[in-house]
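Asker: Structure below; questions to follow.
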4 protein chains.
Amino acid sequence: MADNRTNQFHVLPSDQEATQLKRWQLTLNDIIFGAESPAGKAFDVILIVAIVLSVTAVMLESVAPIQQRYGHWLYVLEWGFTLAFTVEYILRLACVRMPARYAFSFYGIVDLLSVVPTYLSLVIAGANTLLVIRILRILRVFRILKLFSYMQEAEHLAWAMRSSRRKIMVFLYVVCTIVVVFGSIMYLVEGPANGFTSIPKSIYWAIVTLTTVGYGDITPTTAVGQLIASATMITGYAIIAVPTGIYTAELTQVMRTRRDARGCLGCGKTGHELDAQFCRYCGDKLPS
Amino acid sequence: MADNRTNQFHVLPSDQEATQLKRWQLTLNDIIFGAESPAGKAFDVILIVAIVLSVTAVMLESVAPIQQRYGHWLYVLEWGFTLAFTVEYILRLACVRMPARYAFSFYGIVDLLSVVPTYLSLVIAGANTLLVIRILRILRVFRILKLFSYMQEAEHLAWAMRSSRRKIMVFLYVVCTIVVVFGSIMYLVEGPANGFTSIPKSIYWAIVTLTTVGYGDITPTTAVGQLIASATMITGYAIIAVPTGIYTAELTQVMRTRRDARGCLGCGKTGHELDAQFCRYCGDKLPS
Amino acid sequence: MADNRTNQFHVLPSDQEATQLKRWQLTLNDIIFGAESPAGKAFDVILIVAIVLSVTAVMLESVAPIQQRYGHWLYVLEWGFTLAFTVEYILRLACVRMPARYAFSFYGIVDLLSVVPTYLSLVIAGANTLLVIRILRILRVFRILKLFSYMQEAEHLAWAMRSSRRKIMVFLYVVCTIVVVFGSIMYLVEGPANGFTSIPKSIYWAIVTLTTVGYGDITPTTAVGQLIASATMITGYAIIAVPTGIYTAELTQVMRTRRDARGCLGCGKTGHELDAQFCRYCGDKLPS
Amino acid sequence: MADNRTNQFHVLPSDQEATQLKRWQLTLNDIIFGAESPAGKAFDVILIVAIVLSVTAVMLESVAPIQQRYGHWLYVLEWGFTLAFTVEYILRLACVRMPARYAFSFYGIVDLLSVVPTYLSLVIAGANTLLVIRILRILRVFRILKLFSYMQEAEHLAWAMRSSRRKIMVFLYVVCTIVVVFGSIMYLVEGPANGFTSIPKSIYWAIVTLTTVGYGDITPTTAVGQLIASATMITGYAIIAVPTGIYTAELTQVMRTRRDARGCLGCGKTGHELDAQFCRYCGDKLPS
């Protein structure tokens with residue numbers, strides 16, 4: 001983010017690569033990938049509205065009474081959005097220097113997947129339900145809307161998540177083992193007669209119980225079963241401390257190191273608050 | 001809180017604005033908005049009792065057997081409280097210097113909304129159920145009762161909440177995306193036959209599952225559905241670490257730096273860390 | 001715990017007050033309240049076994065099939081334990097200097113309440129179910145068994161709990177308000193036809209939902225109701241961060257200050273680990 | 001882990017003990033217990049695949065429709081894996097210097113238990129369900145796969161778990177007491193007519209409620225019962241902060257002090273804090 005670009009595919013007129021794009025491509029690129037010019041901002045606003053509306057339409061289409069009454073309108077809307085997004089996708093391909101790189105980027109794939117289902121539905125009935133993937137398009141808008149401060153917060157969270165990745169993996173492995181063991185024991189204890197019809201289903205029950213979800217679709221009925229279930233619940237209640245502890249510890253670390261950037265020129269001490277302008281130990285001005 | 005006033009609408013006789021209020025207004029203001037004089041304290045105690053009783057009455061009225069037996073008394077009580085609160089509201093308006101500013105303040109609106117439903121019920125049947133909004137009036141009492149130390153604790157909590165606001169927003173956005181995606185997948189996998197009658201309902205199921213509430217009113221029955229449900233549960237069980245981590249990290253920070261009352265002699269700014277010896281805004285030595 | 005006494009009612013022969021007790025009282029006091037002598041330890045072990053057995057007996061008595069088959073034996077056991085505990089209670093009263101102070105202490109009351117129900121059951125049928133209060137007696141044994149290190153851990157936990165008491169109160173007040181508001185809204189939206197038969201019952205539903213328990217005995221069926229329920233769940237899922245954050249922050253503080261006790265005699269720096277014998281800054285021996 | 005061995009039973013040719021093993025034993029030991037040579041790695045990969053497949057087979061066997069259709073194949077597979085694991089177990093015994101020490105080690109017992117059930121099923125029908133214990137074998141592979149960094153993460157987690165062990169025990173004791181007390185009260189309040197058929201079952205309900213699992217198989221129906229249930233839920237919702245706080249505080253401590261590998265030149269002890277300059281056991285200067 002050293003330069004003003006909001007997007008890796010956004011080409012500034014001053015860029016070397018700009019010479020490889022025609023004038024109309026540069027203008028289009030600025031509107032579609034940029035967010036600084038009035039046209040670019042307007043495009044972003046229209047895009048977010050279109051995405052939210054199209055996702056809502058897909059959802060409403062799945063509600064039987066609405067489908068029966070407004071099915072025709074929703075069908076028209078769906079094709080309208082699909083055609084608009086198709087045009088947008090083609091334009092995006094047209095105004096980047098390396099279309100292939102865009103096409104295989106995360107957003108390129110999401111953009112493509114958000115129009116394909118409608119065309120597929122001409123061949124396979126019901127394929128258009130897959131259109132809900134369009135919700136992922138909001139990620140694009142989220143990023144574009146110059147919500148830089150939010151991006152930083154998101155980066156903090158993602159950073160802590162990445163730092164705790166390995167610990168979380170170890171934790172999930174332990175959870176899987178616990179769940180398989182408790183599930184199998186319950187299969188032996190309760191048996192098919194009480195709803196624990198197979199080991200996979202018993203493991204499903206163990207997950208429902210350990211995560212403290214507790215649907216109640218399968219519940220132990222024997223005394224021994226309820227005892228083991230109690231052990232599972234208390235285990236689940238206690239070990240939720242583990243991911244929380246991991247993530248909290250990492251996030252605290254990430255947030256603490258935000259301070260460590262600058263050293264005082266006077267006394268050399270670090271650890272000042274981000275908005276401090278003077279050293280709190282010797283009173284010297286801090287480098288900005 | 002530099003001066004002794006408990007409320008922004010409390011006018012002290014020494015105040016400049018006091019000259020604009022008549023004698024009876026000043027006395028009334030001290031009783032209603034103040035909490036120092038014996039009369040002010042008595043008023044507060046009567047008010048809290050009245051609020052709690054009136055809310056209890058509204059609740060009891062909704063219980064059919066009680067309504068059948070004591071309906072008449074509750075009706076009388078409701079009108080009694082409404083009239084009393086109406087008088088109180090008018091008196092509050094009468095004894096402040098700027099009635100409009102009070103009327104549009106948070107408490108002013110709550111005070112009004114807590115009497116309107118009863119009058120509305122003369123026109124629209126059942127509107128008096130809205131009287132439960134009176135519970136919000138307790139907030140006023142909470143503030144008045146000189147529970148200053150509790151207010152400070154509450155401010156700490158609110159401060160940490162404000163600091164983590166942006167992170168929580170990012171988290172909620174991610175949760176929404178997960179919930180829409182998992183819900184839609186379940187709609188495809190389980191289908192209307194198994195209770196997942198529409199995408200919005202499936203999303204509702206996903207929220208019930210991800211937040212580990214687990215009503216069990218809609219549960220997956222196919223093997224693939226139970227597999228995806230398990231993934232949703234484990235995701236919910238693991239990512240609850242995120243808001244907890246965010247809030248804990250912020251609260252730890254807020255509580256660690258418990259910025260004290262010391263104001264810098266140079267620039268007058270407060271909010272320095274306890275161990276700071278120099279102002280971080282102007283570099284002046286802080287009073288120890 | 002400066003002296004070797006395990007209990008405030010334990011009288012050492014060297015105590016001034018010992019002169020006021022007869023020889024047999026001193027011996028008895030040492031056995032019952034002390035835990036150092038072999039007799040004292042044996043008494044503690046027998047007591048814990050008796051307590052656990054008696055609680056188990058009360059529980060088993062409530063299980064219909066067991067009651068039908070072994071009811072007579074359980075009845076005998078119950079009276080046996082009651083008589084034994086009665087004798088113990090009288091002996092405790094007999095061997096302390098100030099029987100009244102013991103009788104009105106927490107353990108004194110628990111000891112009394114754990115025998116009274118059986119006698120009451122002669123007059124009121126079923127009163128002996130109250131015998132489960134005996135489980136609280138284990139607290140006594142817990143404390144006596146010289147588990148000092150566990151007591152310290154418990155004190156840490158209790159200390160953090162006490163420090164965060166006010167914050168937790170504020171949090172609970174907020175939770176109550178949320179629950180009343182959401183419950184009342186749901187009563188309006190869903191109504192008695194969908195199981196939300198009264199405001200108190202709707203508040204009960206809101207508590208079940210907000211705490212992520214989710215029995216599923218009352219569930220929203222209308223679209224609007226499910227939307228509000230979703231909001232409640234996500235609120236509950238997010239604000240669980242608050243008590244956790246409060247407690248974690250306090251506990252971290254409590255555990256950190258464990259280090260701050262000793263200052264190095266050489267360089268004066270503090271903050272050493274509890275088991276450190278030498279200063280980690282200058283290498284000087286630390287005071288023990 | 002000072003030397004390159006991945007396992008305490010792995011014997012390097014340079015080891016003194018190697019002289020006590022024959023040449024074929026050394027080769028076999030390197031393949032089975034080692035993970036450095038190509039043969040050792042290939043063995044590990046085959047082993048993990050075999051374990052996962054065998055566990056999957058056991059699970060599928062419990063699913064009635066699959067059992068009916070592919071029962072014969074699964075039976076063959078089961079015996080195939082059992083024989084293979086038996087051979088592996090015998091080879092392990094054959095190539096370690098002290099077979100007894102291996103046989104009674106954790107992994108030795110797991111290895112044995114993962115083959116015994118199949119043989120048992122010849123005598124006792126259904127005993128082969130116990131084969132799910134094979135999942136524990138994955139622990140072995142987990143450790144072998146040179147996932148050293150993961151092992152370190154796991155060690156951090158386990159270390160924090162060990163440090164918080166005593167606190168968690170105190171917490172669990174408190175939870176048990178709460179659960180017994182609330183369960184017993186509910187038994188008195190709701191009674192057998194509403195599903196609370198016995199004290200143990202009521203305690204089971206209290207555990208389901210306090211841990212926020214909330215199956216809904218037993219729910220309070222009386223007003224008083226719902227009030228007490230609400231108290232239980234809010235208690236459970238609030239005290240989940242305790243294990244989380246404990247674990248987070250300990251993990252933060254463990255991760256902050258990430259004790260390094262430096263050994264004191266004076267006393268040889270390790271585990272010093274990263275910024276320590278002097279040994280905290282003997283006061284000697286630490287190597288930087």
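By order of appearance in the structure tokens: chains A, B, ..., then residues from 1 within every chain, and ligands from 1 in the order shown.
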What residues in chain B lie within 8 Å of chain A, counting only C-alpha atoms, written as a ChimeraX atom specification?

Answerer: /B:166-167,170,177,180-181,184,188,197-200,209,211-217,219,226-227,230,233-234,237-238,240-242,244-246,248-249,276-285

Asker: Report, in Å with one decimal, the straight-line distance from atom CA of Gly34 of chain C to atom CA of Leu12 of chain C.

Answerer: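 Calculated distance between atom CA of Gly34 of chain C and atom CA of Leu12 of chain C is 8.9 Å.
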
Asker: Assign secondary structure with DSSP using the backbone only, and return the residues of segment 162-200 of chain D in alpha helix (DSSP H) as a ChimeraX atom specification.

Answerer: /D:162-163,165-189,199-200

Asker: Please write the residues from the selection above to a file, keeping N, CA, C and O atoms, as a JSON list (two decimals), in the first residue's frame.

Answerer:
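Listed below is the output, selection23.json:
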```
[["chain", "number", "residue", "atom", "x", "y", "z"],
["D", 162, "ARG", "N", -0.49, -28.47, 32.20],
["D", 162, "ARG", "CA", 0.08, -28.99, 33.45],
["D", 162, "ARG", "C", 0.13, -27.90, 34.51],
["D", 162, "ARG", "O", -0.20, -28.12, 35.66],
["D", 163, "SER", "N", 0.55, -26.70, 34.11],
["D", 163, "SER", "CA", 0.65, -25.59, 35.06],
["D", 163, "SER", "C", -0.71, -25.24, 35.66],
["D", 163, "SER", "O", -0.81, -24.85, 36.81],
["D", 165, "ARG", "N", -3.21, -27.32, 35.94],
["D", 165, "ARG", "CA", -3.85, -28.55, 36.40],
["D", 165, "ARG", "C", -4.57, -28.38, 37.75],
["D", 165, "ARG", "O", -5.73, -28.69, 37.88],
["D", 166, "ARG", "N", -3.84, -27.84, 38.72],
["D", 166, "ARG", "CA", -4.39, -27.71, 40.06],
["D", 166, "ARG", "C", -5.57, -26.75, 40.07],
["D", 166, "ARG", "O", -6.58, -27.00, 40.73],
["D", 167, "LYS", "N", -5.45, -25.65, 39.34],
["D", 167, "LYS", "CA", -6.54, -24.68, 39.29],
["D", 167, "LYS", "C", -7.76, -25.31, 38.64],
["D", 167, "LYS", "O", -8.89, -25.10, 39.09],
["D", 168, "ILE", "N", -7.53, -26.07, 37.57],
["D", 168, "ILE", "CA", -8.65, -26.72, 36.87],
["D", 168, "ILE", "C", -9.33, -27.72, 37.81],
["D", 168, "ILE", "O", -10.56, -27.84, 37.82],
["D", 169, "MET", "N", -8.53, -28.43, 38.61],
["D", 169, "MET", "CA", -9.09, -29.39, 39.56],
["D", 169, "MET", "C", -10.01, -28.67, 40.55],
["D", 169, "MET", "O", -11.12, -29.12, 40.83],
["D", 170, "VAL", "N", -9.53, -27.56, 41.09],
["D", 170, "VAL", "CA", -10.35, -26.78, 42.02],
["D", 170, "VAL", "C", -11.65, -26.36, 41.34],
["D", 170, "VAL", "O", -12.74, -26.49, 41.89],
["D", 171, "PHE", "N", -11.51, -25.90, 40.09],
["D", 171, "PHE", "CA", -12.67, -25.46, 39.33],
["D", 171, "PHE", "C", -13.66, -26.62, 39.14],
["D", 171, "PHE", "O", -14.87, -26.45, 39.34],
["D", 172, "LEU", "N", -13.14, -27.79, 38.76],
["D", 172, "LEU", "CA", -14.02, -28.94, 38.53],
["D", 172, "LEU", "C", -14.73, -29.35, 39.81],
["D", 172, "LEU", "O", -15.89, -29.75, 39.78],
["D", 173, "TYR", "N", -14.03, -29.23, 40.94],
["D", 173, "TYR", "CA", -14.65, -29.56, 42.21],
["D", 173, "TYR", "C", -15.83, -28.62, 42.48],
["D", 173, "TYR", "O", -16.91, -29.05, 42.87],
["D", 174, "VAL", "N", -15.60, -27.33, 42.22],
["D", 174, "VAL", "CA", -16.67, -26.34, 42.41],
["D", 174, "VAL", "C", -17.83, -26.65, 41.47],
["D", 174, "VAL", "O", -19.00, -26.63, 41.88],
["D", 175, "VAL", "N", -17.51, -26.97, 40.19],
["D", 175, "VAL", "CA", -18.55, -27.31, 39.22],
["D", 175, "VAL", "C", -19.37, -28.50, 39.72],
["D", 175, "VAL", "O", -20.60, -28.50, 39.65],
["D", 176, "CYS", "N", -18.67, -29.54, 40.22],
["D", 176, "CYS", "CA", -19.37, -30.73, 40.71],
["D", 176, "CYS", "C", -20.34, -30.35, 41.82],
["D", 176, "CYS", "O", -21.49, -30.80, 41.84],
["D", 177, "THR", "N", -19.86, -29.54, 42.75],
["D", 177, "THR", "CA", -20.72, -29.13, 43.86],
["D", 177, "THR", "C", -21.94, -28.38, 43.35],
["D", 177, "THR", "O", -23.08, -28.68, 43.74],
["D", 178, "ILE", "N", -21.73, -27.40, 42.46],
["D", 178, "ILE", "CA", -22.84, -26.62, 41.91],
["D", 178, "ILE", "C", -23.86, -27.55, 41.26],
["D", 178, "ILE", "O", -25.06, -27.43, 41.46],
["D", 179, "VAL", "N", -23.34, -28.49, 40.47],
["D", 179, "VAL", "CA", -24.18, -29.39, 39.70],
["D", 179, "VAL", "C", -25.01, -30.28, 40.62],
["D", 179, "VAL", "O", -26.20, -30.51, 40.38],
["D", 180, "VAL", "N", -24.40, -30.77, 41.69],
["D", 180, "VAL", "CA", -25.13, -31.62, 42.64],
["D", 180, "VAL", "C", -26.21, -30.81, 43.34],
["D", 180, "VAL", "O", -27.36, -31.25, 43.46],
["D", 181, "VAL", "N", -25.85, -29.61, 43.75],
["D", 181, "VAL", "CA", -26.81, -28.77, 44.48],
["D", 181, "VAL", "C", -27.97, -28.38, 43.57],
["D", 181, "VAL", "O", -29.14, -28.60, 43.90],
["D", 182, "PHE", "N", -27.67, -27.83, 42.38],
["D", 182, "PHE", "CA", -28.75, -27.43, 41.46],
["D", 182, "PHE", "C", -29.59, -28.64, 41.04],
["D", 182, "PHE", "O", -30.81, -28.55, 40.96],
["D", 183, "GLY", "N", -28.92, -29.76, 40.77],
["D", 183, "GLY", "CA", -29.63, -30.97, 40.35],
["D", 183, "GLY", "C", -30.62, -31.41, 41.43],
["D", 183, "GLY", "O", -31.78, -31.73, 41.14],
["D", 184, "SER", "N", -30.16, -31.41, 42.68],
["D", 184, "SER", "CA", -31.01, -31.86, 43.78],
["D", 184, "SER", "C", -32.20, -30.92, 43.97],
["D", 184, "SER", "O", -33.33, -31.36, 44.20],
["D", 185, "ILE", "N", -31.92, -29.60, 43.88],
["D", 185, "ILE", "CA", -33.01, -28.64, 44.02],
["D", 185, "ILE", "C", -34.06, -28.88, 42.94],
["D", 185, "ILE", "O", -35.26, -28.91, 43.21],
["D", 186, "MET", "N", -33.61, -29.09, 41.70],
["D", 186, "MET", "CA", -34.54, -29.31, 40.60],
["D", 186, "MET", "C", -35.36, -30.58, 40.80],
["D", 186, "MET", "O", -36.54, -30.64, 40.44],
["D", 187, "TYR", "N", -34.72, -31.60, 41.40],
["D", 187, "TYR", "CA", -35.45, -32.83, 41.69],
["D", 187, "TYR", "C", -36.59, -32.55, 42.65],
["D", 187, "TYR", "O", -37.70, -33.07, 42.50],
["D", 188, "LEU", "N", -36.31, -31.70, 43.63],
["D", 188, "LEU", "CA", -37.35, -31.33, 44.60],
["D", 188, "LEU", "C", -38.44, -30.49, 43.94],
["D", 188, "LEU", "O", -39.62, -30.68, 44.18],
["D", 189, "VAL", "N", -38.01, -29.54, 43.07],
["D", 189, "VAL", "CA", -38.95, -28.58, 42.50],
["D", 189, "VAL", "C", -39.80, -29.21, 41.39],
["D", 189, "VAL", "O", -41.03, -29.06, 41.39],
["D", 199, "ILE", "N", -32.37, -38.13, 41.50],
["D", 199, "ILE", "CA", -31.31, -37.13, 41.71],
["D", 199, "ILE", "C", -30.19, -37.30, 40.69],
["D", 199, "ILE", "O", -29.78, -36.32, 40.08],
["D", 200, "PRO", "N", -29.69, -38.53, 40.47],
["D", 200, "PRO", "CA", -28.62, -38.64, 39.46],
["D", 200, "PRO", "C", -29.06, -38.08, 38.09],
["D", 200, "PRO", "O", -28.29, -37.40, 37.43]]
```

Asker: Between C:Glu190, C:Asp30, C:Asp44, C:Glu36, which is the closest to Pro220 of chain C once you count only C-alpha atoms?

Answerer: C:Glu190

Asker: Return the single residue from D:Thr82, D:Gln68, D:Ser105, D:Thr221 that is closest to Tyr119 of chain D, with distances computed using only C-alpha atoms.

Answerer: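 The shortest atom-to-atom distance to Tyr119 of chain D comes from D:Thr82.
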